[in-house]
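Novice: Next comes the structure file structure-v3.cif, holding mmCIF, N, CA and C atoms.
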data_my_file
#
loop_
_atom_site.label_atom_id
_atom_site.label_comp_id
_atom_site.auth_asym_id
_atom_site.auth_seq_id
_atom_site.Cartn_x
_atom_site.Cartn_y
_atom_site.Cartn_z
N MET A 171 1.34 11.50 52.05
CA MET A 171 1.03 10.68 53.19
C MET A 171 0.78 9.23 52.81
N LEU A 172 0.37 8.98 51.60
CA LEU A 172 0.03 7.62 51.20
C LEU A 172 1.24 6.72 51.34
N GLY A 173 1.06 5.60 52.03
CA GLY A 173 2.15 4.67 52.26
C GLY A 173 3.05 5.08 53.41
N MET A 174 2.72 6.19 54.05
CA MET A 174 3.54 6.67 55.15
C MET A 174 3.28 5.86 56.41
N THR A 175 4.35 5.51 57.12
CA THR A 175 4.22 4.80 58.39
C THR A 175 4.16 5.82 59.51
N SER A 176 3.21 5.65 60.42
CA SER A 176 3.04 6.57 61.54
C SER A 176 2.92 5.78 62.83
N VAL A 177 3.27 6.44 63.92
CA VAL A 177 3.07 5.88 65.25
C VAL A 177 1.82 6.55 65.82
N PHE A 178 0.87 5.74 66.26
CA PHE A 178 -0.39 6.27 66.75
C PHE A 178 -0.18 7.08 68.02
N ASP A 179 -0.71 8.30 68.03
CA ASP A 179 -0.63 9.21 69.17
C ASP A 179 -2.03 9.81 69.35
N VAL A 180 -2.63 9.63 70.52
CA VAL A 180 -4.00 10.09 70.74
C VAL A 180 -4.13 11.60 70.59
N ASN A 181 -3.05 12.34 70.75
CA ASN A 181 -3.10 13.79 70.58
C ASN A 181 -3.08 14.19 69.10
N LYS A 182 -2.52 13.35 68.26
CA LYS A 182 -2.39 13.68 66.84
C LYS A 182 -3.38 12.94 65.95
N HIS A 183 -3.95 11.84 66.44
CA HIS A 183 -4.82 11.00 65.63
C HIS A 183 -6.12 10.70 66.36
N THR A 184 -7.21 10.61 65.60
CA THR A 184 -8.51 10.21 66.14
C THR A 184 -9.05 9.08 65.28
N ILE A 185 -9.39 7.96 65.89
CA ILE A 185 -10.00 6.86 65.15
C ILE A 185 -11.48 7.17 64.97
N ILE A 186 -11.96 7.03 63.74
CA ILE A 186 -13.32 7.39 63.37
C ILE A 186 -14.18 6.13 63.29
N GLY A 187 -15.32 6.17 63.92
CA GLY A 187 -16.27 5.05 63.85
C GLY A 187 -17.38 5.40 62.89
N GLY A 188 -18.60 5.25 63.33
CA GLY A 188 -19.75 5.59 62.51
C GLY A 188 -19.93 4.65 61.34
N GLU A 189 -20.68 5.11 60.35
CA GLU A 189 -21.02 4.28 59.20
C GLU A 189 -19.79 3.87 58.40
N ILE A 190 -18.89 4.83 58.14
CA ILE A 190 -17.69 4.50 57.37
C ILE A 190 -16.78 3.56 58.16
N GLY A 191 -16.70 3.77 59.47
CA GLY A 191 -15.89 2.90 60.31
C GLY A 191 -16.38 1.47 60.27
N ALA A 192 -17.72 1.29 60.30
CA ALA A 192 -18.31 -0.05 60.24
C ALA A 192 -18.03 -0.71 58.89
N HIS A 193 -18.12 0.07 57.82
CA HIS A 193 -17.85 -0.46 56.48
C HIS A 193 -16.40 -0.92 56.37
N ILE A 194 -15.48 -0.12 56.86
CA ILE A 194 -14.06 -0.46 56.80
C ILE A 194 -13.78 -1.67 57.69
N GLU A 195 -14.48 -1.75 58.81
CA GLU A 195 -14.31 -2.90 59.71
C GLU A 195 -14.74 -4.19 59.02
N GLN A 196 -15.83 -4.14 58.23
CA GLN A 196 -16.26 -5.32 57.48
C GLN A 196 -15.20 -5.73 56.46
N LEU A 197 -14.63 -4.75 55.75
CA LEU A 197 -13.56 -5.06 54.81
C LEU A 197 -12.35 -5.64 55.53
N SER A 198 -12.11 -5.14 56.72
CA SER A 198 -10.99 -5.62 57.54
C SER A 198 -11.14 -7.11 57.84
N LYS A 199 -12.36 -7.51 58.19
CA LYS A 199 -12.62 -8.93 58.51
C LYS A 199 -12.50 -9.79 57.26
N ARG A 200 -13.00 -9.29 56.11
CA ARG A 200 -12.95 -10.06 54.87
C ARG A 200 -11.53 -10.25 54.35
N THR A 201 -10.66 -9.29 54.62
CA THR A 201 -9.29 -9.36 54.10
C THR A 201 -8.29 -9.83 55.14
N ASN A 202 -8.76 -10.04 56.37
CA ASN A 202 -7.88 -10.45 57.47
C ASN A 202 -6.76 -9.42 57.70
N ARG A 203 -7.14 -8.14 57.59
CA ARG A 203 -6.22 -7.04 57.82
C ARG A 203 -6.83 -6.14 58.88
N ASP A 204 -6.01 -5.43 59.61
CA ASP A 204 -6.47 -4.57 60.70
C ASP A 204 -6.67 -3.14 60.19
N LEU A 205 -7.78 -2.90 59.48
CA LEU A 205 -8.07 -1.61 58.86
C LEU A 205 -8.89 -0.72 59.79
N PHE A 206 -8.73 0.58 59.61
CA PHE A 206 -9.51 1.55 60.37
C PHE A 206 -9.45 2.90 59.67
N VAL A 207 -10.30 3.83 60.10
CA VAL A 207 -10.29 5.19 59.57
C VAL A 207 -9.73 6.10 60.65
N VAL A 208 -8.81 6.97 60.25
CA VAL A 208 -8.18 7.87 61.21
C VAL A 208 -8.28 9.31 60.69
N ARG A 209 -8.35 10.24 61.64
CA ARG A 209 -8.27 11.66 61.30
C ARG A 209 -6.96 12.18 61.84
N TYR A 210 -6.15 12.79 60.97
CA TYR A 210 -4.93 13.47 61.41
C TYR A 210 -5.37 14.83 61.95
N ASN A 211 -5.32 14.99 63.26
CA ASN A 211 -5.84 16.21 63.89
C ASN A 211 -5.11 17.46 63.42
N ASP A 212 -3.79 17.40 63.26
CA ASP A 212 -3.02 18.57 62.85
C ASP A 212 -3.36 19.01 61.43
N LEU A 213 -3.55 18.06 60.54
CA LEU A 213 -3.81 18.35 59.13
C LEU A 213 -5.29 18.46 58.80
N GLY A 214 -6.13 17.82 59.62
CA GLY A 214 -7.56 17.83 59.37
C GLY A 214 -7.98 16.93 58.22
N VAL A 215 -7.19 15.91 57.91
CA VAL A 215 -7.54 15.00 56.82
C VAL A 215 -7.85 13.61 57.37
N PHE A 216 -8.66 12.89 56.62
CA PHE A 216 -9.05 11.53 56.98
C PHE A 216 -8.34 10.54 56.08
N CYS A 217 -7.94 9.40 56.63
CA CYS A 217 -7.28 8.35 55.86
C CYS A 217 -7.80 6.99 56.30
N ILE A 218 -7.82 6.07 55.36
CA ILE A 218 -8.05 4.67 55.69
C ILE A 218 -6.67 4.07 55.87
N CYS A 219 -6.48 3.41 57.01
CA CYS A 219 -5.14 2.94 57.38
C CYS A 219 -5.21 1.48 57.82
N GLU A 220 -4.02 0.92 57.98
CA GLU A 220 -3.90 -0.46 58.47
C GLU A 220 -2.85 -0.48 59.58
N PHE A 221 -3.25 -1.07 60.72
CA PHE A 221 -2.27 -1.26 61.79
C PHE A 221 -1.28 -2.32 61.34
N MET A 222 0.00 -2.05 61.56
CA MET A 222 1.06 -2.96 61.12
C MET A 222 1.63 -3.80 62.25
N SER A 223 1.33 -3.44 63.49
CA SER A 223 1.89 -4.18 64.62
C SER A 223 0.76 -4.72 65.49
N PRO A 224 0.99 -5.82 66.17
CA PRO A 224 -0.03 -6.39 67.05
C PRO A 224 -0.42 -5.45 68.20
N LYS A 225 0.49 -4.55 68.57
CA LYS A 225 0.19 -3.60 69.65
C LYS A 225 -0.74 -2.49 69.19
N ARG A 226 -0.99 -2.41 67.88
CA ARG A 226 -1.85 -1.39 67.28
C ARG A 226 -1.32 0.02 67.56
N ASN A 227 -0.01 0.18 67.43
CA ASN A 227 0.56 1.51 67.63
C ASN A 227 1.27 2.04 66.37
N VAL A 228 1.56 1.18 65.42
CA VAL A 228 2.19 1.60 64.17
C VAL A 228 1.22 1.29 63.04
N PHE A 229 0.97 2.29 62.18
CA PHE A 229 0.04 2.07 61.07
C PHE A 229 0.56 2.72 59.80
N ILE A 230 -0.04 2.30 58.69
CA ILE A 230 0.34 2.81 57.37
C ILE A 230 -0.92 3.28 56.65
N ASP A 231 -0.82 4.39 55.94
CA ASP A 231 -1.94 4.93 55.18
C ASP A 231 -2.17 4.10 53.93
N ILE A 232 -3.44 3.76 53.68
CA ILE A 232 -3.80 3.01 52.48
C ILE A 232 -4.50 3.91 51.47
N MET A 233 -5.37 4.81 51.98
CA MET A 233 -6.10 5.71 51.09
C MET A 233 -6.38 7.03 51.80
N ASN A 234 -6.06 8.13 51.14
CA ASN A 234 -6.32 9.45 51.68
C ASN A 234 -7.72 9.89 51.23
N LEU A 235 -8.55 10.31 52.18
CA LEU A 235 -9.90 10.74 51.85
C LEU A 235 -10.04 12.25 51.83
N GLY A 236 -8.99 12.97 52.14
CA GLY A 236 -9.06 14.43 52.15
C GLY A 236 -9.68 14.95 53.43
N LYS A 237 -10.22 16.16 53.36
CA LYS A 237 -10.72 16.83 54.55
C LYS A 237 -12.16 16.47 54.89
N SER A 238 -12.80 15.64 54.07
CA SER A 238 -14.19 15.29 54.33
C SER A 238 -14.41 13.79 54.12
N LEU A 239 -15.16 13.19 55.03
CA LEU A 239 -15.52 11.78 54.87
C LEU A 239 -16.48 11.58 53.70
N ALA A 240 -17.11 12.67 53.27
CA ALA A 240 -18.02 12.59 52.13
C ALA A 240 -17.27 12.25 50.84
N ASN A 241 -15.96 12.38 50.85
CA ASN A 241 -15.16 12.01 49.68
C ASN A 241 -15.14 10.51 49.45
N TYR A 242 -15.54 9.74 50.46
CA TYR A 242 -15.59 8.28 50.31
C TYR A 242 -16.90 7.91 49.63
N ASP A 243 -16.87 7.91 48.31
CA ASP A 243 -18.05 7.58 47.52
C ASP A 243 -17.89 6.20 46.89
N LEU A 244 -18.77 5.87 45.98
CA LEU A 244 -18.74 4.55 45.33
C LEU A 244 -17.41 4.33 44.60
N ARG A 245 -16.92 5.37 43.93
CA ARG A 245 -15.65 5.25 43.19
C ARG A 245 -14.50 4.94 44.14
N LYS A 246 -14.46 5.64 45.28
CA LYS A 246 -13.39 5.40 46.27
C LYS A 246 -13.54 4.01 46.88
N ALA A 247 -14.77 3.57 47.12
CA ALA A 247 -15.00 2.23 47.68
C ALA A 247 -14.50 1.16 46.72
N GLN A 248 -14.77 1.34 45.43
CA GLN A 248 -14.30 0.38 44.42
C GLN A 248 -12.77 0.39 44.34
N GLU A 249 -12.18 1.59 44.42
CA GLU A 249 -10.72 1.69 44.38
C GLU A 249 -10.10 0.99 45.59
N LEU A 250 -10.73 1.15 46.76
CA LEU A 250 -10.22 0.50 47.97
C LEU A 250 -10.31 -1.02 47.84
N ARG A 251 -11.45 -1.52 47.35
CA ARG A 251 -11.58 -2.96 47.15
C ARG A 251 -10.53 -3.48 46.17
N GLN A 252 -10.28 -2.71 45.12
CA GLN A 252 -9.26 -3.10 44.14
C GLN A 252 -7.89 -3.18 44.82
N ARG A 253 -7.58 -2.21 45.65
CA ARG A 253 -6.28 -2.20 46.34
C ARG A 253 -6.15 -3.37 47.31
N LEU A 254 -7.26 -3.73 47.95
CA LEU A 254 -7.21 -4.79 48.96
C LEU A 254 -7.23 -6.19 48.35
N PHE A 255 -8.06 -6.39 47.32
CA PHE A 255 -8.26 -7.73 46.78
C PHE A 255 -7.44 -8.02 45.53
N ALA A 256 -6.99 -7.00 44.83
CA ALA A 256 -6.18 -7.20 43.62
C ALA A 256 -5.08 -6.15 43.60
N PRO A 257 -4.13 -6.27 44.51
CA PRO A 257 -3.08 -5.25 44.57
C PRO A 257 -2.26 -5.20 43.29
N LEU A 258 -1.72 -4.04 43.01
CA LEU A 258 -0.93 -3.81 41.81
C LEU A 258 0.34 -4.65 41.86
N THR A 259 0.63 -5.30 40.76
CA THR A 259 1.83 -6.13 40.68
C THR A 259 3.03 -5.26 40.33
N ALA A 260 4.21 -5.83 40.41
CA ALA A 260 5.42 -5.09 40.04
C ALA A 260 5.37 -4.71 38.56
N GLU A 261 4.86 -5.62 37.74
CA GLU A 261 4.75 -5.33 36.31
C GLU A 261 3.77 -4.18 36.06
N GLY A 262 2.65 -4.21 36.76
CA GLY A 262 1.67 -3.13 36.63
C GLY A 262 2.24 -1.80 37.09
N THR A 263 3.01 -1.84 38.17
CA THR A 263 3.65 -0.62 38.67
C THR A 263 4.62 -0.08 37.63
N SER A 264 5.41 -0.96 37.04
CA SER A 264 6.38 -0.54 36.01
C SER A 264 5.66 0.09 34.82
N ARG A 265 4.55 -0.53 34.40
CA ARG A 265 3.78 0.03 33.28
C ARG A 265 3.22 1.41 33.62
N SER A 266 2.71 1.56 34.85
CA SER A 266 2.16 2.85 35.27
C SER A 266 3.24 3.93 35.29
N ILE A 267 4.41 3.58 35.80
CA ILE A 267 5.52 4.54 35.85
C ILE A 267 5.96 4.92 34.44
N ALA A 268 6.08 3.92 33.56
CA ALA A 268 6.49 4.18 32.18
C ALA A 268 5.47 5.08 31.48
N ALA A 269 4.19 4.83 31.70
CA ALA A 269 3.15 5.65 31.07
C ALA A 269 3.21 7.08 31.59
N ALA A 270 3.43 7.24 32.89
CA ALA A 270 3.51 8.58 33.48
C ALA A 270 4.73 9.32 32.93
N GLU A 271 5.86 8.63 32.81
CA GLU A 271 7.07 9.26 32.26
C GLU A 271 6.86 9.64 30.80
N SER A 272 6.21 8.76 30.05
CA SER A 272 5.94 9.05 28.64
C SER A 272 5.04 10.28 28.52
N ASP A 273 3.99 10.34 29.33
CA ASP A 273 3.09 11.50 29.32
C ASP A 273 3.86 12.77 29.64
N TYR A 274 4.74 12.70 30.63
CA TYR A 274 5.52 13.86 31.04
C TYR A 274 6.41 14.34 29.89
N HIS A 275 7.11 13.40 29.25
CA HIS A 275 8.02 13.78 28.16
C HIS A 275 7.26 14.32 26.95
N HIS A 276 6.10 13.75 26.65
CA HIS A 276 5.29 14.29 25.56
C HIS A 276 4.81 15.70 25.89
N MET A 277 4.43 15.93 27.13
CA MET A 277 4.00 17.26 27.56
C MET A 277 5.15 18.25 27.39
N ARG A 278 6.36 17.85 27.79
CA ARG A 278 7.54 18.73 27.67
C ARG A 278 7.83 19.02 26.19
N GLN A 279 7.69 18.02 25.32
CA GLN A 279 7.91 18.24 23.90
C GLN A 279 6.90 19.24 23.34
N ASP A 280 5.64 19.09 23.75
CA ASP A 280 4.61 20.03 23.30
C ASP A 280 4.92 21.44 23.77
N GLU A 281 5.36 21.58 25.02
CA GLU A 281 5.71 22.89 25.54
C GLU A 281 6.88 23.48 24.77
N CYS A 282 7.85 22.64 24.43
CA CYS A 282 9.02 23.08 23.67
C CYS A 282 8.59 23.58 22.28
N GLU A 283 7.70 22.85 21.62
CA GLU A 283 7.20 23.25 20.31
C GLU A 283 6.45 24.58 20.40
N GLU A 284 5.62 24.73 21.43
CA GLU A 284 4.89 25.98 21.62
C GLU A 284 5.86 27.14 21.85
N GLU A 285 6.90 26.91 22.61
CA GLU A 285 7.90 27.95 22.87
C GLU A 285 8.64 28.32 21.59
N LYS A 286 8.97 27.33 20.76
CA LYS A 286 9.64 27.61 19.48
C LYS A 286 8.75 28.48 18.60
N GLU A 287 7.46 28.15 18.54
CA GLU A 287 6.52 28.93 17.74
C GLU A 287 6.42 30.35 18.27
N ARG A 288 6.38 30.49 19.58
CA ARG A 288 6.29 31.82 20.19
C ARG A 288 7.54 32.64 19.86
N LEU A 289 8.71 32.02 19.95
CA LEU A 289 9.96 32.72 19.65
C LEU A 289 10.04 33.13 18.17
N LYS A 290 9.51 32.28 17.27
CA LYS A 290 9.47 32.64 15.85
C LYS A 290 8.62 33.89 15.64
N LYS A 291 7.45 33.92 16.32
CA LYS A 291 6.56 35.07 16.19
C LYS A 291 7.21 36.33 16.75
N VAL A 292 7.92 36.19 17.85
CA VAL A 292 8.61 37.33 18.45
C VAL A 292 9.70 37.83 17.50
N ALA A 293 10.40 36.90 16.86
CA ALA A 293 11.49 37.27 15.96
C ALA A 293 10.99 38.05 14.74
N ILE A 294 9.78 37.73 14.27
CA ILE A 294 9.26 38.45 13.10
C ILE A 294 8.39 39.64 13.51
N GLY A 295 8.26 39.86 14.81
CA GLY A 295 7.57 41.05 15.29
C GLY A 295 6.08 40.92 15.49
N GLU A 296 5.56 39.74 15.62
CA GLU A 296 4.12 39.56 15.85
C GLU A 296 3.77 39.75 17.29
#
When written as structure tokens, how does the structure in this file appear?

Specialist:
Amino acid sequence: MLGMTSVFDVNKHTIIGGEIGAHIEQLSKRTNRDLFVVRYNDLGVFCICEFMSPKRNVFIDIMNLGKSLANYDLRKAQELRQRLFAPLTAEGTSRSIAAAESDYHHMRQDECEEEKERLKKVAIGE
């Protein structure tokens, strides 16, 4: 869902106020962005989103909070501020992708080595 564009529908979405709504509204004013918290009624998950159109009918997910608003803790608040005030650059994105690919390939190599060892043991009857 992250980065997904949605059309607001009162039957499928509920805008959440309360303490978290007020906090997100303050961030919205500081960043000059139209942020809010929404609950996807069908999925039962909460997301911090941004309206993309002046009519406030099209929005994009910025952060998924899962099935509980309690998931929005200090760590999530810091991550949100980082996303809003220091967004990831193209170079940073490339580095993250390269690191993830490297981790994946190293994991596959380790699995391959483990499988070779297992096959050797099977071949000698262990």

Novice: Which polymer residues have any atom within 8 Å of an atom of Gly236 in chain A, counting all atoms listed in the file, with same-chain residues fewer than 6 positions away left out, as a ChimeraX atom specification?

Specialist: /A:213-218,242

Novice: Could I get the residues of range 196-271 of chain A with an atom no further than 5 Å from an atom of range 172-192 of chain A, each paired with its nearest atom pair and that distance in Å to one decimal, using all atoms listed in the file, sorted by chain and residue number, as CSV?

Specialist:
residue,atom,partner,partner_atom,distance
A:Gln196,N,A:Ala192,C,4.1
A:Val207,C,A:Ile186,N,3.9
A:Val208,CA,A:Thr184,C,4.3
A:Arg209,N,A:Thr184,C,3.9
A:Tyr210,CA,A:Lys182,C,4.8
A:Asn211,N,A:Lys182,C,3.9
A:Asn227,C,A:Phe178,N,3.7
A:Val228,CA,A:Ser176,C,4.4
A:Phe229,C,A:Ser176,N,4.0
A:Ile230,CA,A:Met174,C,4.3
A:Asp231,C,A:Gly173,N,4.0

Novice: Enter the distance from CA of Leu250 in chain A to CA of Met233 in chain A, in Å, rounded to one decimal.

Specialist: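 Interatomic distance here is 7.3 Å.
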
Novice: From the DSSP assignment of the backbone, select every residue of range 214-272 of chain A that is strand (DSSP E or B), and format the answer as a PyMOL selection string.

Specialist: chain A and resi 215-221+228-236

Novice: Suppose you want the space between CA of Ser266 in chain A and atom N of Glu283 in chain A; what is it in Å?

Specialist: 24.8 Å

Novice: Based on the backbone DSSP call, show me all residues of chain A assigned alpha helix (DSSP H), as number ranges by chain.

Specialist: A: 188-201, 244-255, 260-293
